[in-house]
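Visitor: Pasting a structure here, questions to come.
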Amino acid sequence: METPSETSLHDHRVLVGNRGEIAIRIMQACCKLGIPFTAIYTPEDRESAHVRFALDHGKEHALYRVSSYHDANELMAVADISGCTSVHPGYGFFAEDFRFARRVTKRDRKMIFLGPSWKIIRELGDKINTKRLARSLGVPTVPGSDRPIYDEMEAENIAEDVFDFQLQQGIEHPLVLIKASAGGGGMGIEEVDDIDQFRSVYRRIRNYAARQFKDEGVLIEQRVTDFNHLEVQIIGDRSGKNPVHFGTRNCSIQSTGRQKRLEVAPGFDPTVNEYSFDSDKVLESIVQYSLTMAREVGYDSVGTWEWIVTRKGDPFLMEVNTRIQVENGVSARIARIRGRDDVDLIAEQIRTGLGEPLGYTQEDITFDGVALEYRLIAEAPDNNFTPWVGTIDRLRWKEHPWLSVYTQVPKTAYSIPTEFDPNLALAIVWAPDLNELKARGLTFLNELVLQGHNAAGEPMENNIAYLKEKTGQILKF
């Protein structure tokens with residue numbers, strides 16, 4: 001790995017525009033690179049370990065209180081007071097907001113947005129535009145329209161094609177989604193399981209879209225229900241010329257709300273599990289498709305290409321996430337750069353974002369073993385993953401050379417802020433093979449101590465038992 005230029009990096013200061021575990025990992029990466037940082041916190045987060053980390057490891061201007069992580073004006077004010085030259089948004093909040101990224105780079109006191117350029121975020125953040133770009137490059141996407149449809153006959157023809165495709169896939173009960181193209185947040189979406197119902201539902205959605213969004217445009221898509229969710233980890237430097245990949249992940253174990261709970265890298269393992277397709281070929285294809293798109297747009301930061309793979313082994317691009325993701329560490333854990341096993345994708349994002357060249361090619365990246373990430377969450381999986389509210393009394397685990405745990409939960413009692421998701425920790429487990437990975441994962445979970453109580457004195461709810469149950473199913477289709 002190339003040694004960064006000391007002067008260029010050390011002249012910068014990073015505003016950590018996030019909270020909790022990801023804020024800690026951004027600060028740790030800054031410390032590793034020798035870059036000063038400024039962190040922020042809200043009153044609800046005053047007990048978070050990310051606050052303690054900033055005080056312990058930062059220097060002057062290391063920590064400021066804000067009223068909201070969502071207030072761009074406050075973040076800009078903190079950046080100006082502390083002399084920050086760049087902003088790392090983490091994930092969530094402003095991470096994929098091209099308007100925020102544009103503001104950071106175009107304000108009177110210009111800064112660097114530590115993510116892709118705002119134009120790339122805008123281009124790939126539009127799912128319709130992403131689908132259109134993918135199709136122009138021969139990248140397979142979920143069957144359906146790649147633009148709003150305003151003509152009823154055209155919409156019905158597309159729906160018939162989608163139904164036919166699913167029947168060819170061997171899907172017994174095909175479904176088509178009819179969506180208001182200007183909608184969002186789950187509004188204006190209905191499923192159709194019979195082409196004879198299509199026209200009436202199409203008209204209903206079109207009329208709804210006209211009333212609610214002043215736009216009658218409708219999207220027609222396949223409703224895929226039996227698939228694995230895979231991801232390809234990409235990074236490029238500011239030249240945008242030679243992006244590389246850091247392998248694949250399988251994120252198919254999710255809550256009822258399609259929220260990830262357990263991620264594994266690489267995405268399939270044919271040495272232990274049987275698949276009805278050539279899994280190595282599928283993984284290679286989604287990697288190459290992802291790199292093709294990254295090269296086309298000049299991708300210049302960390303990003304994730306999200307895929308679905310059907311039971312027959314057909315891959316389809318879902319979307320591109322133009323940010324660092326929660327599960328970046330599980331990809332880093334199996335990666336080696338010129339044999340070194342200390343890969344840190346957040347540090348790489350910061351280093352290259354501040355102008356350093358990538359300094360290595362795809363040939364320099366190798367992979368070793370398998371890894372999984374557990375998301376430890378205060379929730380009740382048996383009750384539709386309902387978040388649990390209360391105080392964490394103890395969170396302890398045994399140290400192992402194959403284990404890394406990231407958490408904002410302090411050693412003292414910690415009341416979970418109700419303003420945010422009740423994510424408590426991420427645990428990353430590595431092993432040389434899948435069977436050993438499962439054994440080590442269960443060892444960690446069995447040794448883990450996670451205790452707490454709510455206002456009524458009742459013991460806490462958590463997802464440890466759920467994670468134990470799902471460990472035996474990893475990388476199965």
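Convention: chains lettered A, B, ... in structure tokens order; per-chain residue numbering from 1; ligands numbered from 1 as shown.
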Excluding A:Asn321 and any residue of its chain fewer than 4 positions from it, enumerate the residues within 12 Å of it, using only C-alpha atoms, and give them as number ranges by chain.

Guide: A: 91-92, 95-97, 115-116, 120-127, 130, 231-235, 290, 294, 299, 301-307, 317, 325-326

Visitor: Filtering to N, CA and C atoms, could you give me those residues as an mmCIF file, in the first residue's frame?

Guide:
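The file below, again09.cif, is the result:
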data_model
loop_
_atom_site.group_PDB
_atom_site.id
_atom_site.type_symbol
_atom_site.label_atom_id
_atom_site.label_comp_id
_atom_site.auth_asym_id
_atom_site.auth_seq_id
_atom_site.Cartn_x
_atom_site.Cartn_y
_atom_site.Cartn_z
ATOM 1 N N TYR A 91 -22.688 6.880 7.270
ATOM 2 C CA TYR A 91 -23.834 6.354 6.528
ATOM 3 C C TYR A 91 -25.103 6.884 7.165
ATOM 4 N N GLY A 92 -26.170 6.955 6.373
ATOM 5 C CA GLY A 92 -27.377 7.617 6.859
ATOM 6 C C GLY A 92 -27.204 9.129 6.800
ATOM 7 N N ALA A 95 -25.311 11.097 3.898
ATOM 8 C CA ALA A 95 -24.338 10.301 3.148
ATOM 9 C C ALA A 95 -24.631 10.241 1.654
ATOM 10 N N GLU A 96 -25.893 10.197 1.243
ATOM 11 C CA GLU A 96 -26.232 10.091 -0.172
ATOM 12 C C GLU A 96 -27.079 11.276 -0.628
ATOM 13 N N ASP A 97 -26.872 12.411 0.014
ATOM 14 C CA ASP A 97 -27.595 13.636 -0.317
ATOM 15 C C ASP A 97 -26.711 14.480 -1.230
ATOM 16 N N GLY A 115 -16.797 11.358 -0.034
ATOM 17 C CA GLY A 115 -17.695 10.419 -0.684
ATOM 18 C C GLY A 115 -17.558 10.695 -2.162
ATOM 19 N N PRO A 116 -18.371 10.083 -2.990
ATOM 20 C CA PRO A 116 -18.295 10.366 -4.427
ATOM 21 C C PRO A 116 -18.626 11.828 -4.715
ATOM 22 N N ILE A 120 -21.979 12.295 -9.270
ATOM 23 C CA ILE A 120 -22.128 10.834 -9.291
ATOM 24 C C ILE A 120 -23.226 10.400 -8.339
ATOM 25 N N ILE A 121 -23.283 11.034 -7.159
ATOM 26 C CA ILE A 121 -24.363 10.703 -6.209
ATOM 27 C C ILE A 121 -25.717 10.974 -6.844
ATOM 28 N N ARG A 122 -25.829 12.102 -7.528
ATOM 29 C CA ARG A 122 -27.098 12.443 -8.180
ATOM 30 C C ARG A 122 -27.418 11.453 -9.290
ATOM 31 N N GLU A 123 -26.411 11.088 -10.076
ATOM 32 C CA GLU A 123 -26.634 10.197 -11.216
ATOM 33 C C GLU A 123 -27.042 8.802 -10.774
ATOM 34 N N LEU A 124 -26.315 8.239 -9.798
ATOM 35 C CA LEU A 124 -26.582 6.868 -9.378
ATOM 36 C C LEU A 124 -27.636 6.778 -8.284
ATOM 37 N N GLY A 125 -27.967 7.901 -7.668
ATOM 38 C CA GLY A 125 -29.015 7.893 -6.657
ATOM 39 C C GLY A 125 -30.408 7.819 -7.248
ATOM 40 N N ASP A 126 -30.529 8.129 -8.509
ATOM 41 C CA ASP A 126 -31.796 8.030 -9.237
ATOM 42 C C ASP A 126 -31.908 6.605 -9.771
ATOM 43 N N LYS A 127 -32.809 5.818 -9.176
ATOM 44 C CA LYS A 127 -32.897 4.396 -9.533
ATOM 45 C C LYS A 127 -33.277 4.194 -10.995
ATOM 46 N N THR A 130 -30.158 4.899 -12.963
ATOM 47 C CA THR A 130 -29.200 3.809 -12.776
ATOM 48 C C THR A 130 -29.580 2.610 -13.629
ATOM 49 N N GLU A 231 -23.826 -8.157 -2.695
ATOM 50 C CA GLU A 231 -23.251 -6.832 -2.886
ATOM 51 C C GLU A 231 -21.822 -6.957 -3.393
ATOM 52 N N VAL A 232 -21.403 -5.942 -4.137
ATOM 53 C CA VAL A 232 -20.014 -5.844 -4.602
ATOM 54 C C VAL A 232 -19.432 -4.553 -4.047
ATOM 55 N N GLN A 233 -18.302 -4.666 -3.364
ATOM 56 C CA GLN A 233 -17.646 -3.511 -2.754
ATOM 57 C C GLN A 233 -16.638 -2.907 -3.732
ATOM 58 N N ILE A 234 -16.833 -1.626 -4.051
ATOM 59 C CA ILE A 234 -15.997 -0.923 -5.022
ATOM 60 C C ILE A 234 -15.315 0.270 -4.350
ATOM 61 N N ILE A 235 -14.110 0.595 -4.797
ATOM 62 C CA ILE A 235 -13.478 1.848 -4.395
ATOM 63 C C ILE A 235 -12.660 2.381 -5.569
ATOM 64 N N SER A 290 -20.285 -4.628 -12.131
ATOM 65 C CA SER A 290 -20.177 -3.474 -11.232
ATOM 66 C C SER A 290 -19.005 -2.592 -11.630
ATOM 67 N N ALA A 294 -18.819 1.342 -12.765
ATOM 68 C CA ALA A 294 -17.960 2.262 -12.021
ATOM 69 C C ALA A 294 -17.012 2.996 -12.960
ATOM 70 N N TYR A 299 -16.222 6.469 -11.156
ATOM 71 C CA TYR A 299 -16.507 6.398 -9.715
ATOM 72 C C TYR A 299 -15.238 6.700 -8.912
ATOM 73 N N SER A 301 -14.845 7.022 -5.208
ATOM 74 C CA SER A 301 -14.881 6.844 -3.755
ATOM 75 C C SER A 301 -15.299 5.409 -3.462
ATOM 76 N N VAL A 302 -15.697 5.174 -2.221
ATOM 77 C CA VAL A 302 -16.237 3.872 -1.839
ATOM 78 C C VAL A 302 -17.703 3.795 -2.247
ATOM 79 N N GLY A 303 -18.132 2.632 -2.733
ATOM 80 C CA GLY A 303 -19.530 2.448 -3.096
ATOM 81 C C GLY A 303 -19.875 0.978 -3.172
ATOM 82 N N THR A 304 -21.162 0.691 -3.156
ATOM 83 C CA THR A 304 -21.625 -0.696 -3.182
ATOM 84 C C THR A 304 -22.664 -0.887 -4.275
ATOM 85 N N TRP A 305 -22.434 -1.896 -5.101
ATOM 86 C CA TRP A 305 -23.404 -2.290 -6.130
ATOM 87 C C TRP A 305 -24.235 -3.430 -5.551
ATOM 88 N N GLU A 306 -25.549 -3.232 -5.449
ATOM 89 C CA GLU A 306 -26.437 -4.211 -4.815
ATOM 90 C C GLU A 306 -27.150 -5.042 -5.873
ATOM 91 N N TRP A 307 -27.141 -6.364 -5.651
ATOM 92 C CA TRP A 307 -27.664 -7.316 -6.621
ATOM 93 C C TRP A 307 -28.649 -8.277 -5.969
ATOM 94 N N LEU A 317 -29.118 -6.258 -11.190
ATOM 95 C CA LEU A 317 -28.728 -5.102 -10.393
ATOM 96 C C LEU A 317 -29.962 -4.438 -9.801
ATOM 97 N N GLN A 325 -20.818 1.564 3.687
ATOM 98 C CA GLN A 325 -21.949 0.851 4.266
ATOM 99 C C GLN A 325 -21.576 0.248 5.613
ATOM 100 N N VAL A 326 -22.605 -0.075 6.384
ATOM 101 C CA VAL A 326 -22.400 -0.661 7.702
ATOM 102 C C VAL A 326 -21.472 -1.862 7.613
#

Visitor: Do a neighbour search on stretch 350-354 of chain A at 9 Å with only C-alpha atoms, toss out local chain neighbours closer than 5 positions, and write the hits as an mmCIF file with N, CA and C atoms, in the first residue's frame.

Guide:
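Printed below is selection-v4.cif as written:
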data_model
loop_
_atom_site.group_PDB
_atom_site.id
_atom_site.type_symbol
_atom_site.label_atom_id
_atom_site.label_comp_id
_atom_site.auth_asym_id
_atom_site.auth_seq_id
_atom_site.Cartn_x
_atom_site.Cartn_y
_atom_site.Cartn_z
ATOM 1 N N PRO A 4 0.928 7.499 2.308
ATOM 2 C CA PRO A 4 0.369 8.804 1.957
ATOM 3 C C PRO A 4 1.388 9.919 2.141
ATOM 4 N N SER A 8 0.346 16.570 2.626
ATOM 5 C CA SER A 8 -0.981 16.768 2.047
ATOM 6 C C SER A 8 -2.081 16.295 2.996
ATOM 7 N N LEU A 9 -1.905 15.155 3.633
ATOM 8 C CA LEU A 9 -2.936 14.654 4.525
ATOM 9 C C LEU A 9 -2.976 15.430 5.834
ATOM 10 N N HIS A 12 -5.058 18.628 6.531
ATOM 11 C CA HIS A 12 -6.519 18.559 6.547
ATOM 12 C C HIS A 12 -7.069 18.341 7.952
ATOM 13 N N VAL A 14 -10.891 16.632 9.374
ATOM 14 C CA VAL A 14 -12.121 15.980 8.942
ATOM 15 C C VAL A 14 -13.247 16.272 9.931
ATOM 16 N N ILE A 26 -14.612 6.301 11.888
ATOM 17 C CA ILE A 26 -14.044 7.399 11.099
ATOM 18 C C ILE A 26 -12.915 8.062 11.883
ATOM 19 N N ALA A 29 -9.876 5.887 11.889
ATOM 20 C CA ALA A 29 -9.183 5.972 10.604
ATOM 21 C C ALA A 29 -8.374 7.255 10.504
ATOM 22 N N CYS A 30 -8.938 8.353 10.993
ATOM 23 C CA CYS A 30 -8.204 9.623 10.995
ATOM 24 C C CYS A 30 -6.938 9.506 11.840
ATOM 25 N N LEU A 33 -4.278 7.687 10.019
ATOM 26 C CA LEU A 33 -3.688 8.467 8.942
ATOM 27 C C LEU A 33 -2.981 9.725 9.436
ATOM 28 N N SER A 86 -12.702 19.126 5.296
ATOM 29 C CA SER A 86 -13.445 18.052 4.644
ATOM 30 C C SER A 86 -14.536 17.550 5.575
ATOM 31 N N HIS A 88 -16.821 13.973 6.394
ATOM 32 C CA HIS A 88 -17.166 12.568 6.171
ATOM 33 C C HIS A 88 -18.574 12.343 6.718
ATOM 34 N N ILE A 112 -13.969 19.497 1.151
ATOM 35 C CA ILE A 112 -14.001 18.252 0.386
ATOM 36 C C ILE A 112 -15.063 17.343 0.986
ATOM 37 N N PHE A 113 -15.923 16.815 0.149
ATOM 38 C CA PHE A 113 -16.907 15.830 0.594
ATOM 39 C C PHE A 113 -16.276 14.459 0.457
ATOM 40 N N LEU A 114 -16.136 13.743 1.579
ATOM 41 C CA LEU A 114 -15.471 12.440 1.570
ATOM 42 C C LEU A 114 -16.467 11.345 1.205
ATOM 43 N N GLY A 115 -16.797 11.358 -0.034
ATOM 44 C CA GLY A 115 -17.695 10.419 -0.684
ATOM 45 C C GLY A 115 -17.558 10.695 -2.162
ATOM 46 N N PRO A 116 -18.371 10.083 -2.990
ATOM 47 C CA PRO A 116 -18.295 10.366 -4.427
ATOM 48 C C PRO A 116 -18.626 11.828 -4.715
ATOM 49 N N GLY A 236 -12.682 3.697 -5.713
ATOM 50 C CA GLY A 236 -11.853 4.367 -6.707
ATOM 51 C C GLY A 236 -11.269 5.631 -6.107
ATOM 52 N N ASP A 237 -10.207 6.152 -6.718
ATOM 53 C CA ASP A 237 -9.655 7.414 -6.224
ATOM 54 C C ASP A 237 -10.216 8.562 -7.049
ATOM 55 N N ARG A 238 -9.726 9.770 -6.777
ATOM 56 C CA ARG A 238 -10.327 10.947 -7.400
ATOM 57 C C ARG A 238 -10.113 11.006 -8.908
ATOM 58 N N ASP A 300 -15.355 7.590 -7.920
ATOM 59 C CA ASP A 300 -14.173 8.152 -7.267
ATOM 60 C C ASP A 300 -14.185 8.043 -5.742
ATOM 61 N N SER A 301 -14.845 7.022 -5.208
ATOM 62 C CA SER A 301 -14.881 6.844 -3.755
ATOM 63 C C SER A 301 -15.299 5.409 -3.462
ATOM 64 N N LEU A 345 -11.266 0.067 4.878
ATOM 65 C CA LEU A 345 -11.893 0.755 3.752
ATOM 66 C C LEU A 345 -12.281 2.185 4.092
#

Visitor: Skipping near chain neighbours, those fewer than 5 positions away, what residues fall within 8 Å of stretch 100-107 of chain A using only C-alpha atoms, listed as a list in words?

Guide: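 Neighbouring residues, sequence-local ones excluded: Ala72, Val87, Phe94, Ile112, Phe113, Ser117 and Trp118 of chain A.
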
Visitor: Could the residues in this selection be written to a file with all heavy atoms, as a CSV table (one decimal), in the first residue's frame?

Guide:
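Listed below is the output, out.csv:
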chain,number,residue,atom,x,y,z
A,72,ALA,N,-27.9,20.8,8.4
A,72,ALA,CA,-26.7,21.1,7.6
A,72,ALA,C,-26.1,22.4,8.0
A,72,ALA,O,-24.8,22.6,8.0
A,72,ALA,CB,-27.1,21.1,6.1
A,87,VAL,N,-15.5,16.9,5.0
A,87,VAL,CA,-16.6,16.3,5.7
A,87,VAL,C,-16.8,14.8,5.4
A,87,VAL,O,-16.9,14.5,4.2
A,87,VAL,CB,-17.9,17.1,5.4
A,87,VAL,CG1,-19.1,16.5,6.2
A,87,VAL,CG2,-17.8,18.5,5.7
A,94,PHE,N,-26.6,12.5,5.8
A,94,PHE,CA,-26.3,13.2,4.6
A,94,PHE,C,-25.5,12.4,3.6
A,94,PHE,O,-25.0,12.9,2.6
A,94,PHE,CB,-25.6,14.5,4.9
A,94,PHE,CG,-26.4,15.6,5.5
A,94,PHE,CD1,-26.2,16.0,6.8
A,94,PHE,CD2,-27.5,16.2,4.9
A,94,PHE,CE1,-26.9,16.9,7.5
A,94,PHE,CE2,-28.3,17.1,5.5
A,94,PHE,CZ,-28.0,17.5,6.8
A,112,ILE,N,-14.0,19.5,1.2
A,112,ILE,CA,-14.0,18.3,0.4
A,112,ILE,C,-15.1,17.3,1.0
A,112,ILE,O,-15.1,17.1,2.2
A,112,ILE,CB,-12.6,17.5,0.4
A,112,ILE,CG1,-11.6,18.4,-0.2
A,112,ILE,CG2,-12.7,16.2,-0.3
A,112,ILE,CD1,-10.1,17.9,0.0
A,113,PHE,N,-15.9,16.8,0.1
A,113,PHE,CA,-16.9,15.8,0.6
A,113,PHE,C,-16.3,14.5,0.5
A,113,PHE,O,-15.9,14.0,-0.6
A,113,PHE,CB,-18.2,15.9,-0.2
A,113,PHE,CG,-19.3,15.0,0.2
A,113,PHE,CD1,-20.0,15.2,1.3
A,113,PHE,CD2,-19.5,13.8,-0.6
A,113,PHE,CE1,-21.0,14.3,1.7
A,113,PHE,CE2,-20.5,12.9,-0.2
A,113,PHE,CZ,-21.3,13.2,1.0
A,117,SER,N,-18.3,12.3,-5.9
A,117,SER,CA,-18.6,13.6,-6.3
A,117,SER,C,-20.2,13.8,-6.3
A,117,SER,O,-20.9,12.8,-6.5
A,117,SER,CB,-18.1,13.9,-7.7
A,117,SER,OG,-18.8,13.2,-8.7
A,118,TRP,N,-20.6,15.0,-6.1
A,118,TRP,CA,-22.1,15.1,-6.0
A,118,TRP,C,-22.8,14.8,-7.3
A,118,TRP,O,-23.9,14.3,-7.2
A,118,TRP,CB,-22.4,16.6,-5.5
A,118,TRP,CG,-22.1,17.6,-6.5
A,118,TRP,CD1,-20.9,18.4,-6.6
A,118,TRP,CD2,-22.9,18.1,-7.6
A,118,TRP,NE1,-21.0,19.3,-7.6
A,118,TRP,CE2,-22.2,19.2,-8.2
A,118,TRP,CE3,-24.1,17.8,-8.1
A,118,TRP,CZ2,-22.7,19.9,-9.3
A,118,TRP,CZ3,-24.6,18.5,-9.2
A,118,TRP,CH2,-23.9,19.5,-9.8

Visitor: Contacts of A:Phe367 at 7 Å or less, counting only C-alpha atoms, minus same-chain residues fewer than 3 places along, as a list in words?

Guide: Ile334, Ala335 and Arg336 of chain A

Visitor: Mind dumping the selected residues with C-alpha atoms as a PDB file, in the first residue's frame?

Guide:
ATOM      1  CA  ILE A 334     -11.037 -11.041   4.124  1.00  0.00           C
ATOM      2  CA  ALA A 335      -9.091  -8.666   1.862  1.00  0.00           C
ATOM      3  CA  ARG A 336      -5.327  -8.352   1.582  1.00  0.00           C
TER       4      ARG A 336
END

Visitor: Using only C-alpha atoms, find the one residue out of A:Lys281, A:Arg223, A:Arg109, A:Arg206 that sits nearest to A:Gly267.

Guide: A:Lys281

Visitor: So which one's closest to A:Lys398, A:Glu348, A:Glu447, A:Glu74, A:Glu327? Using only C-alpha atoms, please.

Guide: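 When distances to A:Lys398 are compared using only C-alpha atoms, the smallest one comes from A:Glu447.
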
Visitor: Give the answer as one residue: which of A:Pro266, A:Pro422, A:Pro401, A:Pro387 has the shortest atom-to-atom distance to A:Glu284, using only C-alpha atoms?

Guide: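 Looking at the shortest contact to A:Glu284, the residue is A:Pro266.
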
Visitor: Considering only C-alpha atoms, state which residue in the set A:Lys59, A:Arg295, A:Arg338, A:His229 is at the smallest distance from A:Gly313.

Guide: A:His229

Visitor: Can you list, as a CSV table (one decimal) with N, CA, C and O atoms, in the first residue's frame, every protein, DNA or RNA residue that comes within 12 Å of A:Asp80 when you count only C-alpha atoms, leaving out same-chain residues fewer than 2 positions away?

Guide:
chain,number,residue,atom,x,y,z
A,13,ARG,N,-8.3,18.6,8.1
A,13,ARG,CA,-9.1,18.3,9.3
A,13,ARG,C,-10.5,17.8,8.8
A,13,ARG,O,-11.1,18.4,8.0
A,14,VAL,N,-10.9,16.6,9.4
A,14,VAL,CA,-12.1,16.0,8.9
A,14,VAL,C,-13.2,16.3,9.9
A,14,VAL,O,-13.1,16.0,11.1
A,15,LEU,N,-14.4,16.8,9.4
A,15,LEU,CA,-15.6,16.9,10.2
A,15,LEU,C,-16.3,15.5,10.2
A,15,LEU,O,-16.6,15.1,9.1
A,38,THR,N,-12.8,16.6,13.9
A,38,THR,CA,-13.8,17.2,14.7
A,38,THR,C,-15.1,16.4,14.7
A,38,THR,O,-15.6,16.1,13.7
A,61,HIS,N,-10.5,21.6,19.3
A,61,HIS,CA,-11.7,21.6,18.4
A,61,HIS,C,-12.1,20.1,18.1
A,61,HIS,O,-12.6,19.9,17.0
A,64,TYR,N,-18.0,19.0,19.4
A,64,TYR,CA,-18.9,20.1,19.5
A,64,TYR,C,-20.3,19.5,19.6
A,64,TYR,O,-20.7,18.5,19.0
A,73,ASN,N,-26.9,23.4,8.4
A,73,ASN,CA,-26.4,24.7,8.8
A,73,ASN,C,-25.5,24.6,10.0
A,73,ASN,O,-24.4,25.2,10.1
A,74,GLU,N,-25.9,23.7,11.0
A,74,GLU,CA,-25.1,23.5,12.2
A,74,GLU,C,-23.8,22.8,11.8
A,74,GLU,O,-22.7,23.2,12.4
A,75,LEU,N,-23.9,21.8,11.0
A,75,LEU,CA,-22.6,21.1,10.6
A,75,LEU,C,-21.7,22.1,9.9
A,75,LEU,O,-20.4,22.0,10.2
A,76,MET,N,-22.2,23.0,9.0
A,76,MET,CA,-21.3,23.9,8.4
A,76,MET,C,-20.7,24.9,9.4
A,76,MET,O,-19.5,25.3,9.3
A,77,ALA,N,-21.5,25.3,10.3
A,77,ALA,CA,-21.0,26.2,11.4
A,77,ALA,C,-19.9,25.6,12.2
A,77,ALA,O,-18.8,26.2,12.5
A,78,VAL,N,-20.0,24.3,12.6
A,78,VAL,CA,-19.0,23.6,13.3
A,78,VAL,C,-17.7,23.5,12.5
A,78,VAL,O,-16.6,23.7,12.9
A,82,SER,N,-14.1,25.1,13.6
A,82,SER,CA,-13.0,24.2,13.9
A,82,SER,C,-12.0,24.2,12.8
A,82,SER,O,-10.9,23.5,13.0
A,83,GLY,N,-12.3,24.8,11.7
A,83,GLY,CA,-11.3,24.8,10.6
A,83,GLY,C,-11.2,23.5,9.8
A,83,GLY,O,-10.2,23.2,9.2
A,84,CYS,N,-12.3,22.8,9.7
A,84,CYS,CA,-12.3,21.6,8.9
A,84,CYS,C,-12.2,21.9,7.5
A,84,CYS,O,-12.7,22.8,6.9
A,85,THR,N,-11.5,21.0,6.8
A,85,THR,CA,-11.3,21.1,5.3
A,85,THR,C,-12.1,20.1,4.6
A,85,THR,O,-12.1,20.1,3.4
A,86,SER,N,-12.7,19.1,5.3
A,86,SER,CA,-13.4,18.1,4.6
A,86,SER,C,-14.5,17.5,5.6
A,86,SER,O,-14.5,17.8,6.8
A,87,VAL,N,-15.5,16.9,5.0
A,87,VAL,CA,-16.6,16.3,5.7
A,87,VAL,C,-16.8,14.8,5.4
A,87,VAL,O,-16.9,14.5,4.2
A,104,VAL,N,-21.2,21.4,0.2
A,104,VAL,CA,-19.9,21.3,0.9
A,104,VAL,C,-18.8,21.8,-0.1
A,104,VAL,O,-17.8,22.5,0.3
A,107,ARG,N,-19.6,26.0,-1.5
A,107,ARG,CA,-19.8,27.1,-0.6
A,107,ARG,C,-18.6,28.1,-0.7
A,107,ARG,O,-17.5,27.7,-1.3
A,108,ASP,N,-18.7,29.3,-0.1
A,108,ASP,CA,-17.6,30.2,-0.1
A,108,ASP,C,-16.3,29.7,0.4
A,108,ASP,O,-15.3,29.9,-0.1
A,109,ARG,N,-16.4,29.0,1.6
A,109,ARG,CA,-15.2,28.3,2.1
A,109,ARG,C,-15.3,26.9,1.7
A,109,ARG,O,-15.9,26.0,2.5
A,110,LYS,N,-14.8,26.5,0.6
A,110,LYS,CA,-15.0,25.2,0.0
A,110,LYS,C,-14.3,24.1,0.9
A,110,LYS,O,-13.3,24.3,1.5
A,111,MET,N,-15.0,23.0,0.9
A,111,MET,CA,-14.4,21.8,1.6
A,111,MET,C,-14.5,20.6,0.7
A,111,MET,O,-15.1,20.7,-0.4

Visitor: Between atom CA of A:Val142 and atom CA of A:Ile308, what distance in Å does the model show, to one decimal?

Guide: 8.5 Å

Visitor: Rounded to one decimal in Å, what is the spacing between atom CA of A:Met460 and atom CA of A:Asp393?

Guide: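 Atom CA of A:Met460 sits 9.6 Å away from atom CA of A:Asp393.
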
Visitor: Which residue gives the smallest distance to A:Asn462 among A:Thr361, A:Thr418, A:Asn423, A:Gln197, with only C-alpha atoms counted?

Guide: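 Smallest distance to A:Asn462 is found for A:Asn423.
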
Visitor: Would you kindly return, as a PyMOL selection string, each protein, DNA or RNA residue with an atom no farther than 8 Å from any atom of A:Ala23, considering only C-alpha atoms and excluding same-chain residues fewer than 5 positions away?

Guide: chain A and resi 16-18+39+50+90

Visitor: Which residues in stretch 10-217 of chain A does DSSP call strand (DSSP E)? List them as a list in words.

Guide: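 Result set for stretch 10-217 of chain A (strand (DSSP E)): Val14, Leu15, Val16, Phe37, Thr38, Ala39, Ile40, Tyr41, Leu63, Tyr64, Arg65, Ser86, Val87, His88, Ile112, Phe113, Val176, Leu177, Ile178, Lys179, Ala180, Ile189, Glu190, Glu191 and Val192 of chain A.
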
Visitor: With only C-alpha atoms as the atoms that count, which of A:Leu450, A:Ala182, A:Leu445, A:Val309 lies nearest to A:Tyr414?

Guide: A:Leu450
